[in-house]
$ cat final-v6.txt   # compact mmCIF, C-alpha atoms
# COMPACT_ATOMS: atom_id res chain seq x y z
CA MET F 1 -29.82 -11.68 -31.51
CA PRO F 2 -27.02 -10.90 -34.00
CA VAL F 3 -23.46 -11.34 -32.77
CA ARG F 4 -22.69 -7.67 -33.43
CA HIS F 5 -25.48 -6.52 -31.10
CA ARG F 6 -24.38 -8.93 -28.38
CA LYS F 7 -20.83 -7.62 -28.55
CA ARG F 8 -22.11 -4.05 -28.41
CA ARG F 9 -24.20 -4.82 -25.33
CA ALA F 10 -21.30 -6.64 -23.69
CA GLY F 11 -19.05 -3.63 -24.35
CA ALA F 12 -21.60 -1.21 -22.89
CA LEU F 13 -22.24 -3.28 -19.75
CA PRO F 14 -19.07 -2.19 -17.85
CA TRP F 15 -19.88 1.46 -18.50
CA LEU F 16 -23.35 0.90 -17.12
CA PHE F 17 -21.85 -0.26 -13.81
CA LEU F 18 -19.31 2.55 -13.86
CA ALA F 19 -21.86 5.29 -14.56
CA LEU F 20 -22.87 5.94 -10.93
CA PRO F 21 -19.30 5.86 -9.47
CA LEU F 22 -18.07 8.16 -12.25
CA LEU F 23 -20.98 10.53 -11.63
CA LEU F 24 -20.25 10.65 -7.90
CA LEU F 25 -16.55 11.16 -8.61
CA ALA F 26 -17.30 14.07 -10.91
CA VAL F 27 -19.84 15.69 -8.55
CA PHE F 28 -17.79 15.40 -5.37
CA THR F 29 -14.22 15.65 -6.72
CA TYR F 30 -13.68 17.15 -10.15
CA ILE F 31 -16.43 19.78 -10.15
CA PRO F 32 -15.38 21.12 -6.69
CA VAL F 33 -11.75 21.29 -7.85
CA ILE F 34 -12.76 23.23 -10.96
CA SER F 35 -14.90 25.54 -8.82
CA MET F 36 -12.01 26.07 -6.41
CA ALA F 37 -9.74 26.95 -9.33
CA TRP F 38 -12.25 29.59 -10.43
CA TYR F 39 -12.65 31.01 -6.91
CA SER F 40 -8.87 31.31 -6.66
CA THR F 41 -8.90 33.87 -9.48
CA THR F 42 -11.42 36.11 -7.68
CA SER F 43 -11.53 38.22 -4.53
CA TRP F 44 -14.79 36.60 -3.35
CA ASN F 45 -15.58 36.92 0.36
CA GLY F 46 -17.71 33.78 0.47
CA VAL F 47 -21.03 35.62 0.95
CA SER F 48 -21.46 38.27 -1.73
CA LYS F 49 -22.97 37.41 -5.10
CA ARG F 50 -20.20 39.44 -6.72
CA MET F 51 -16.95 37.68 -7.52
CA PRO F 52 -14.51 40.32 -8.80
CA PHE F 53 -11.97 38.70 -11.11
CA VAL F 54 -8.35 39.35 -10.05
CA GLY F 55 -6.49 36.82 -12.18
CA VAL F 56 -3.27 35.56 -10.59
CA GLU F 57 -3.10 38.23 -7.88
CA ASN F 58 -3.94 35.71 -5.14
CA TYR F 59 -1.11 33.43 -6.24
CA VAL F 60 1.30 36.36 -6.38
CA GLU F 61 0.29 37.30 -2.84
CA ILE F 62 0.90 33.74 -1.61
CA PHE F 63 4.44 33.61 -2.98
CA THR F 64 5.35 37.18 -2.05
CA ARG F 65 4.08 37.13 1.55
CA PRO F 66 6.55 34.97 3.50
CA GLN F 67 4.16 34.51 6.45
CA LEU F 68 1.72 32.65 4.17
CA PHE F 69 4.33 30.15 3.01
CA GLU F 70 6.57 29.85 6.06
CA VAL F 71 4.00 27.70 7.85
CA PHE F 72 5.07 24.84 5.57
CA LEU F 73 8.12 24.57 7.84
CA VAL F 74 5.78 23.19 10.52
CA SER F 75 5.01 20.31 8.14
CA LEU F 76 8.61 19.13 8.49
CA TYR F 77 7.81 17.91 12.01
CA TYR F 78 4.97 15.83 10.63
CA VAL F 79 7.08 14.54 7.74
CA VAL F 80 9.61 13.15 10.23
CA ALA F 81 6.76 11.80 12.37
CA ALA F 82 5.16 10.16 9.33
CA PHE F 83 8.29 8.23 8.40
CA LEU F 84 8.81 7.34 12.05
CA GLN F 85 5.34 5.81 12.23
CA LEU F 86 6.01 3.94 8.97
CA ALA F 87 9.19 2.48 10.47
CA VAL F 88 7.45 1.52 13.72
CA ALA F 89 4.49 0.03 11.85
CA LEU F 90 6.76 -1.97 9.55
CA TYR F 91 8.76 -3.26 12.51
CA PHE F 92 5.71 -4.53 14.38
CA ALA F 93 4.09 -5.86 11.20
CA THR F 94 7.21 -7.88 10.46
CA LEU F 95 7.46 -9.11 14.04
CA LEU F 96 3.80 -10.11 14.32
CA SER F 97 3.69 -11.74 10.88
CA PHE F 98 5.51 -14.66 12.51
CA ARG F 99 4.14 -16.71 15.36
CA VAL F 100 4.29 -14.62 18.51
CA ARG F 101 2.65 -15.33 21.83
CA PHE F 102 -0.44 -13.10 22.30
CA GLY F 103 0.05 -11.92 18.73
CA ASN F 104 -3.65 -11.19 18.15
CA LEU F 105 -3.79 -9.13 21.33
CA PHE F 106 -0.85 -7.01 20.21
CA LYS F 107 -2.41 -6.55 16.76
CA GLY F 108 -5.59 -5.27 18.35
CA LEU F 109 -3.73 -2.92 20.68
CA LEU F 110 -1.73 -1.45 17.80
CA PHE F 111 -4.74 -0.89 15.58
CA PHE F 112 -7.09 0.39 18.32
CA PRO F 113 -5.90 4.07 18.32
CA TYR F 114 -6.89 4.45 14.67
CA LEU F 115 -10.48 3.48 15.52
CA ILE F 116 -10.87 6.40 17.93
CA ASN F 117 -12.37 9.63 16.62
CA GLY F 118 -9.78 12.35 16.00
CA VAL F 119 -11.63 14.88 18.16
CA ALA F 120 -11.65 12.43 21.07
CA ILE F 121 -7.93 11.80 20.62
CA ALA F 122 -7.25 15.54 20.67
CA PHE F 123 -9.12 16.02 23.95
CA VAL F 124 -7.45 12.98 25.52
CA PHE F 125 -4.00 14.35 24.71
CA LEU F 126 -4.97 17.82 25.87
CA TYR F 127 -5.26 16.32 29.35
CA PHE F 128 -2.16 14.24 28.74
CA PHE F 129 0.01 17.29 27.93
CA ARG F 130 -1.61 19.85 30.24
CA PRO F 131 0.45 21.24 33.16
CA ASP F 132 0.32 18.78 36.07
CA GLY F 133 -1.42 16.37 33.73
CA THR F 134 -0.69 12.73 32.99
CA LEU F 135 2.71 13.24 31.36
CA ASP F 136 3.93 15.64 34.06
CA SER F 137 2.76 13.23 36.76
CA LEU F 138 4.72 10.40 35.16
CA LEU F 139 7.82 12.57 34.91
CA GLU F 140 7.53 13.68 38.53
CA PHE F 141 7.17 10.04 39.54
CA VAL F 142 10.65 9.31 38.13
CA GLY F 143 12.13 12.53 39.53
CA LEU F 144 11.85 14.82 36.51
CA SER F 145 10.10 18.19 36.32
CA GLY F 146 7.02 19.01 34.26
CA HIS F 147 6.88 21.28 31.25
CA GLN F 148 4.50 23.44 29.21
CA TRP F 149 4.37 20.96 26.34
CA LEU F 150 1.75 22.79 24.29
CA GLY F 151 2.58 26.27 25.54
CA ASP F 152 6.26 26.24 24.63
CA PRO F 153 7.01 26.93 20.92
CA ASP F 154 10.10 24.73 21.23
CA THR F 155 8.12 21.61 22.16
CA VAL F 156 4.58 22.12 20.85
CA ASN F 157 5.22 20.71 17.39
CA TYR F 158 7.11 17.71 18.76
CA SER F 159 4.15 16.98 21.03
CA LEU F 160 1.57 17.30 18.27
CA ALA F 161 3.63 15.21 15.86
CA GLY F 162 3.91 12.55 18.56
CA VAL F 163 0.12 12.41 18.75
CA SER F 164 -0.08 11.77 15.00
CA VAL F 165 2.44 8.93 15.35
CA TRP F 166 0.31 7.34 18.08
CA ARG F 167 -2.86 7.69 16.03
CA TYR F 168 -1.79 6.55 12.55
CA THR F 169 0.73 3.81 13.31
CA GLY F 170 -2.11 1.29 13.59
CA LEU F 171 -3.39 1.95 10.06
CA ASN F 172 0.07 1.57 8.55
CA PHE F 173 0.62 -1.54 10.66
CA VAL F 174 -2.51 -3.26 9.29
CA LEU F 175 -1.63 -2.43 5.68
CA PHE F 176 1.94 -3.66 6.10
CA LEU F 177 0.76 -6.79 7.89
CA GLY F 178 -1.67 -7.64 5.09
CA ALA F 179 1.05 -7.15 2.49
CA ILE F 180 3.55 -9.30 4.40
CA GLN F 181 1.05 -12.11 4.90
CA SER F 182 0.35 -12.17 1.14
CA ILE F 183 3.94 -13.28 0.48
CA PRO F 184 4.00 -17.04 -0.33
CA SER F 185 5.01 -19.12 2.68
CA ASP F 186 7.19 -21.30 0.45
CA LEU F 187 9.77 -18.50 0.37
CA TYR F 188 10.05 -18.52 4.16
CA GLU F 189 10.33 -22.30 4.26
CA ALA F 190 13.08 -22.31 1.64
CA SER F 191 14.99 -19.58 3.47
CA ASP F 192 14.68 -21.48 6.76
CA MET F 193 16.19 -24.53 5.10
CA ASP F 194 19.07 -22.37 3.87
CA GLY F 195 19.66 -21.07 7.40
CA ALA F 196 18.52 -17.48 6.78
CA THR F 197 18.09 -15.23 9.80
CA ARG F 198 15.02 -13.07 10.43
CA TRP F 199 16.94 -10.01 9.26
CA GLN F 200 17.92 -11.76 6.02
CA GLN F 201 14.31 -12.81 5.47
CA PHE F 202 13.19 -9.24 6.01
CA ARG F 203 15.83 -7.80 3.69
CA HIS F 204 15.58 -10.29 0.82
CA ILE F 205 11.97 -11.54 1.03
CA ILE F 206 9.69 -9.18 2.95
CA LEU F 207 11.00 -5.78 1.83
CA PRO F 208 11.10 -6.59 -1.91
CA GLY F 209 7.70 -8.30 -1.62
CA ILE F 210 5.94 -5.28 -0.13
CA ARG F 211 7.76 -2.59 -2.09
CA PRO F 212 4.60 -1.33 -3.87
CA VAL F 213 2.83 -0.97 -0.51
CA VAL F 214 5.81 0.86 0.98
CA GLY F 215 5.78 3.26 -1.95
CA LEU F 216 2.05 3.87 -1.61
CA MET F 217 2.28 4.46 2.14
CA SER F 218 5.18 6.87 1.61
CA ILE F 219 3.06 8.92 -0.79
CA LEU F 220 0.15 8.97 1.66
CA ALA F 221 2.50 9.90 4.51
CA LEU F 222 3.96 12.86 2.63
CA ALA F 223 0.53 14.04 1.46
CA GLY F 224 -0.85 13.76 4.99
CA SER F 225 2.13 15.63 6.44
CA LEU F 226 1.57 18.57 4.12
CA SER F 227 -2.16 18.75 4.89
CA VAL F 228 -2.23 18.30 8.67
CA PHE F 229 -5.23 19.99 10.25
CA GLU F 230 -7.34 18.12 12.77
CA ILE F 231 -5.03 17.50 15.72
CA PRO F 232 -3.21 20.90 15.87
CA TYR F 233 -6.42 22.82 15.17
CA ILE F 234 -8.30 21.22 18.07
CA MET F 235 -5.41 21.07 20.54
CA THR F 236 -3.80 24.49 20.00
CA GLY F 237 -5.76 26.31 17.30
CA GLY F 238 -2.43 26.98 15.61
CA ALA F 239 -1.03 28.91 18.58
CA ASN F 240 2.61 28.97 19.75
CA GLY F 241 4.02 28.27 16.32
CA SER F 242 1.90 25.20 15.56
CA ARG F 243 -0.10 26.76 12.71
CA THR F 244 -0.12 24.56 9.62
CA PHE F 245 -0.86 25.57 6.05
CA VAL F 246 -4.37 24.09 6.18
CA ILE F 247 -5.18 25.89 9.45
CA GLN F 248 -4.02 29.12 7.86
CA THR F 249 -6.16 28.41 4.80
CA VAL F 250 -9.26 27.80 6.94
CA ASP F 251 -8.64 30.98 8.93
CA MET F 252 -8.19 32.96 5.73
CA ALA F 253 -11.55 31.74 4.42
CA PHE F 254 -13.75 31.77 7.52
CA ARG F 255 -12.08 34.26 9.87
CA PHE F 256 -10.89 36.90 7.42
CA ASP F 257 -13.52 36.24 4.70
CA LYS F 258 -10.93 35.90 1.94
CA VAL F 259 -12.33 32.86 0.17
CA GLY F 260 -10.59 33.71 -3.08
CA LEU F 261 -7.16 33.81 -1.44
CA ALA F 262 -7.96 30.68 0.59
CA SER F 263 -8.96 28.85 -2.60
CA ALA F 264 -5.65 29.81 -4.16
CA MET F 265 -3.83 28.49 -1.10
CA ALA F 266 -5.78 25.23 -1.29
CA PHE F 267 -4.95 24.92 -4.99
CA VAL F 268 -1.26 25.49 -4.26
CA LEU F 269 -1.41 22.73 -1.64
CA LEU F 270 -3.08 20.39 -4.13
CA ALA F 271 -0.42 21.14 -6.73
CA LEU F 272 2.34 20.58 -4.18
CA VAL F 273 0.90 17.20 -3.13
CA LEU F 274 0.64 16.13 -6.79
CA LEU F 275 4.22 17.28 -7.39
CA VAL F 276 5.52 15.33 -4.39
CA THR F 277 3.60 12.27 -5.57
CA TRP F 278 5.03 12.56 -9.09
CA VAL F 279 8.59 12.97 -7.80
CA GLN F 280 8.20 9.99 -5.48
CA ARG F 281 6.88 7.83 -8.31
CA ARG F 282 9.77 8.87 -10.54
CA LEU F 283 12.39 8.17 -7.87
CA PHE F 284 10.85 4.89 -6.68
CA PRO F 285 8.94 3.35 -9.60
CA ASP F 286 7.09 0.09 -9.19
CA ASP F 287 8.81 -2.98 -10.62
CA ARG F 288 6.24 -4.36 -13.02
CA SER F 289 7.27 -7.53 -14.72
CA THR F 290 5.83 -8.04 -18.17
CA THR F 291 5.42 -11.36 -19.89
CA PRO F 292 6.38 -11.51 -23.59
$ encode --input "final-v6.txt" --output "structure tokens"
Amino acid sequence: MPVRHRKRRAGALPWLFLALPLLLLAVFTYIPVISMAWYSTTSWNGVSKRMPFVGVENYVEIFTRPQLFEVFLVSLYYVVAAFLQLAVALYFATLLSFRVRFGNLFKGLLFFPYLINGVAIAFVFLYFFRPDGTLDSLLEFVGLSGHQWLGDPDTVNYSLAGVSVWRYTGLNFVLFLGAIQSIPSDLYEASDMDGATRWQQFRHIILPGIRPVVGLMSILALAGSLSVFEIPYIMTGGANGSRTFVIQTVDMAFRFDKVGLASAMAFVLLALVLLVTWVQRRLFPDDRSTTP
């Protein structure tokens, strides 16, 4: 076989392996996004075969009706909770990356909540926060009074954000732990010989070594905070001031039959997540060393 044909076949081989993943990516990601963009310019109700074109009217309605956009304020609770869980996960990942008694047991306990189905977690914490439930019983045991944790608008979002911290800390912990353990052990040995403390090792070895992972987890945390749905929807249905933007989008599509407006809201959320990601990458770029 001529050399030219062999090179052509070798160049086509990677695309042959990529064909199926690219097809799946297009079918389940890009085509739905394009369809959603089209629906957002119509007043479709989700059932009718007619899709009256309205242009940018749905987007104008989103930005001119404060009640549609004010629910993003609820996301601030989850933003704070997301960075709290990152801090807790990084702390335990750093602690358990060294030799600790019963270290494997603690690793399993920290990661276990992430393995539980989100619906099951929601029902567990419904009993935990209910009046005279587990939390109230614990408070009464130490002499404190109970509270309407999910019924009080002043505490409902704190309670729901706390559930998200409990659930997702384990995932962040595992990712941080893997990144920390990939750092060469020679650096720790050299720092021990120089008399470095654990804090100095964390500041000058661990944190710079896992910076790309920290940046990635920050992006995922912000994106997840803006698109919270599962826990508040199951536990409160968005009542008492716990309605998130995604819950409102789902209600707009399936309760009020305004699929066009809901698609526009979903597209705005997608654009906002991409914008936050771009800003984060510009503010905290990865340090990529290049060899001449």
$ atom_distance --input "final-v6.txt" --atom1 "CA of Val71 in chain F" --atom2 "CA of Gln248 in chain F"
8.1 Å
$ atom_distance --input "final-v6.txt" --atom1 "CA of Leu270 in chain F" --atom2 "CA of Val174 in chain F"
27.2 Å
$ closest_residue --input "final-v6.txt" --among "F:Met217, F:Ile180, F:Leu68, F:Leu95" --to "Arg243 in chain F" --atoms "only C-alpha atoms"
F:Leu68
$ residues_around --input "final-v6.txt" --residues "Val273 in chain F" --least-positions-apart "5" --cutoff "10 Å" --atoms "only C-alpha atoms" --output "mmCIF file with C-alpha atoms, keeping the file's coordinate frame"
data_model
loop_
_atom_site.group_PDB
_atom_site.id
_atom_site.type_symbol
_atom_site.label_atom_id
_atom_site.label_comp_id
_atom_site.auth_asym_id
_atom_site.auth_seq_id
_atom_site.Cartn_x
_atom_site.Cartn_y
_atom_site.Cartn_z
ATOM 1 C CA ILE F 219 3.060 8.920 -0.790
ATOM 2 C CA LEU F 220 0.150 8.970 1.660
ATOM 3 C CA LEU F 222 3.960 12.860 2.630
ATOM 4 C CA ALA F 223 0.530 14.040 1.460
ATOM 5 C CA GLY F 224 -0.850 13.760 4.990
ATOM 6 C CA SER F 225 2.130 15.630 6.440
ATOM 7 C CA LEU F 226 1.570 18.570 4.120
ATOM 8 C CA SER F 227 -2.160 18.750 4.890
ATOM 9 C CA PHE F 267 -4.950 24.920 -4.990
ATOM 10 C CA VAL F 268 -1.260 25.490 -4.260
ATOM 11 C CA TRP F 278 5.030 12.560 -9.090
ATOM 12 C CA VAL F 279 8.590 12.970 -7.800
#
$ residues_around --input "final-v6.txt" --residues "Leu109 in chain F" --least-positions-apart "5" --cutoff "12 Å" --atoms "only C-alpha atoms" --output "PyMOL selection string"
chain F and resi 92+102-104+114-115+166-167+169-171+173-174
$ closest_residue --input "final-v6.txt" --among "F:Val27, F:Ile247, F:Val156, F:Ile206" --to "Gly178 in chain F" --atoms "all atoms listed in the file"
F:Ile206
$ residues_around --input "final-v6.txt" --residues "Gln201 in chain F" --least-positions-apart "4" --cutoff "8 Å" --atoms "all atoms listed in the file" --output "PyMOL selection string"
chain F and resi 188+191+196-197+205-206
$ residues_around --input "final-v6.txt" --residues "Ala161 in chain F" --least-positions-apart "5" --cutoff "8 Å" --atoms "all atoms listed in the file" --output "PyMOL selection string"
chain F and resi 77-78+81
$ residues_around --input "final-v6.txt" --residues "Phe128 in chain F" --least-positions-apart "5" --cutoff "12 Å" --atoms "all atoms listed in the file" --output "list in words"
Ile121, Ala122, Phe123, Gly133, Thr134, Leu135, Asp136, Ser137, Leu138, Leu139, Gly146, His147, Gln148, Trp149, Leu150, Ser159, Leu160, Gly162, Val163 and Met235 of chain F
$ residues_near_point --input "final-v6.txt" --point "(-0.8, 37.7, 2.4)" --cutoff "12 Å" --atoms "all atoms listed in the file" --output "count of residues only"
24
$ closest_residue --input "final-v6.txt" --among "F:Leu207, F:Val80, F:Leu283, F:Ala253" --to "Asn157 in chain F" --atoms "only C-alpha atoms"
F:Val80
$ closest_residue --input "final-v6.txt" --among "F:Val88, F:Leu175, F:Leu274, F:Val246" --to "Val213 in chain F" --atoms "all atoms listed in the file"
F:Leu175
$ build_atoms --input "final-v6.txt" --residues "range 114-125 of chain F" --atoms "all heavy atoms" --output "short mmCIF file (atom, residue, chain, number, x, y, z; two decimals), in the frame of the given file"
data_model
loop_
_atom_site.label_atom_id
_atom_site.label_comp_id
_atom_site.auth_asym_id
_atom_site.auth_seq_id
_atom_site.Cartn_x
_atom_site.Cartn_y
_atom_site.Cartn_z
N TYR F 114 -6.35 3.93 15.93
CA TYR F 114 -6.89 4.45 14.67
C TYR F 114 -8.42 4.42 14.66
O TYR F 114 -9.04 5.18 13.90
CB TYR F 114 -6.34 3.65 13.50
CG TYR F 114 -6.79 4.19 12.16
CD1 TYR F 114 -6.29 5.39 11.67
CD2 TYR F 114 -7.73 3.51 11.39
CE1 TYR F 114 -6.71 5.91 10.45
CE2 TYR F 114 -8.16 4.02 10.17
CZ TYR F 114 -7.65 5.21 9.71
OH TYR F 114 -8.07 5.72 8.50
N LEU F 115 -9.02 3.58 15.48
CA LEU F 115 -10.48 3.48 15.52
C LEU F 115 -11.12 4.62 16.30
O LEU F 115 -12.32 4.84 16.19
CB LEU F 115 -10.90 2.14 16.14
CG LEU F 115 -10.40 0.87 15.41
CD1 LEU F 115 -10.84 -0.36 16.19
CD2 LEU F 115 -10.94 0.84 13.98
N ILE F 116 -10.33 5.33 17.10
CA ILE F 116 -10.87 6.40 17.93
C ILE F 116 -11.03 7.67 17.09
O ILE F 116 -10.20 7.98 16.25
CB ILE F 116 -9.95 6.67 19.14
CG1 ILE F 116 -9.70 5.38 19.93
CG2 ILE F 116 -10.55 7.72 20.05
CD1 ILE F 116 -8.72 5.55 21.06
N ASN F 117 -12.12 8.37 17.32
CA ASN F 117 -12.37 9.63 16.62
C ASN F 117 -11.25 10.63 16.90
O ASN F 117 -10.75 10.73 18.01
CB ASN F 117 -13.72 10.19 17.07
CG ASN F 117 -14.07 11.47 16.36
OD1 ASN F 117 -13.74 12.56 16.83
ND2 ASN F 117 -14.73 11.36 15.22
N GLY F 118 -10.88 11.39 15.86
CA GLY F 118 -9.78 12.35 16.00
C GLY F 118 -10.04 13.42 17.03
O GLY F 118 -9.11 13.86 17.73
N VAL F 119 -11.30 13.87 17.16
CA VAL F 119 -11.63 14.88 18.16
C VAL F 119 -11.42 14.31 19.57
O VAL F 119 -10.88 14.99 20.46
CB VAL F 119 -13.08 15.36 17.98
CG1 VAL F 119 -13.46 16.35 19.07
CG2 VAL F 119 -13.26 15.98 16.60
N ALA F 120 -11.84 13.06 19.77
CA ALA F 120 -11.65 12.43 21.07
C ALA F 120 -10.17 12.29 21.40
O ALA F 120 -9.75 12.52 22.54
CB ALA F 120 -12.34 11.06 21.10
N ILE F 121 -9.37 11.92 20.40
CA ILE F 121 -7.93 11.80 20.62
C ILE F 121 -7.33 13.15 21.02
O ILE F 121 -6.49 13.23 21.92
CB ILE F 121 -7.25 11.27 19.35
CG1 ILE F 121 -7.63 9.81 19.12
CG2 ILE F 121 -5.73 11.41 19.44
CD1 ILE F 121 -7.09 9.22 17.84
N ALA F 122 -7.77 14.21 20.36
CA ALA F 122 -7.25 15.54 20.67
C ALA F 122 -7.55 15.93 22.11
O ALA F 122 -6.68 16.44 22.82
CB ALA F 122 -7.84 16.57 19.70
N PHE F 123 -8.77 15.66 22.58
CA PHE F 123 -9.12 16.02 23.95
C PHE F 123 -8.40 15.14 24.96
O PHE F 123 -8.01 15.61 26.04
CB PHE F 123 -10.63 15.93 24.15
CG PHE F 123 -11.37 17.13 23.63
CD1 PHE F 123 -12.12 17.05 22.48
CD2 PHE F 123 -11.30 18.34 24.30
CE1 PHE F 123 -12.78 18.15 21.98
CE2 PHE F 123 -11.97 19.46 23.83
CZ PHE F 123 -12.71 19.37 22.66
N VAL F 124 -8.20 13.87 24.63
CA VAL F 124 -7.45 12.98 25.52
C VAL F 124 -6.03 13.50 25.71
O VAL F 124 -5.51 13.58 26.83
CB VAL F 124 -7.44 11.54 24.98
CG1 VAL F 124 -6.41 10.69 25.72
CG2 VAL F 124 -8.82 10.92 25.10
N PHE F 125 -5.38 13.90 24.61
CA PHE F 125 -4.00 14.35 24.71
C PHE F 125 -3.89 15.77 25.23
O PHE F 125 -2.82 16.18 25.67
CB PHE F 125 -3.30 14.20 23.36
CG PHE F 125 -2.77 12.82 23.11
CD1 PHE F 125 -3.53 11.88 22.44
CD2 PHE F 125 -1.52 12.45 23.59
CE1 PHE F 125 -3.05 10.60 22.23
CE2 PHE F 125 -1.03 11.18 23.39
CZ PHE F 125 -1.80 10.24 22.71
#
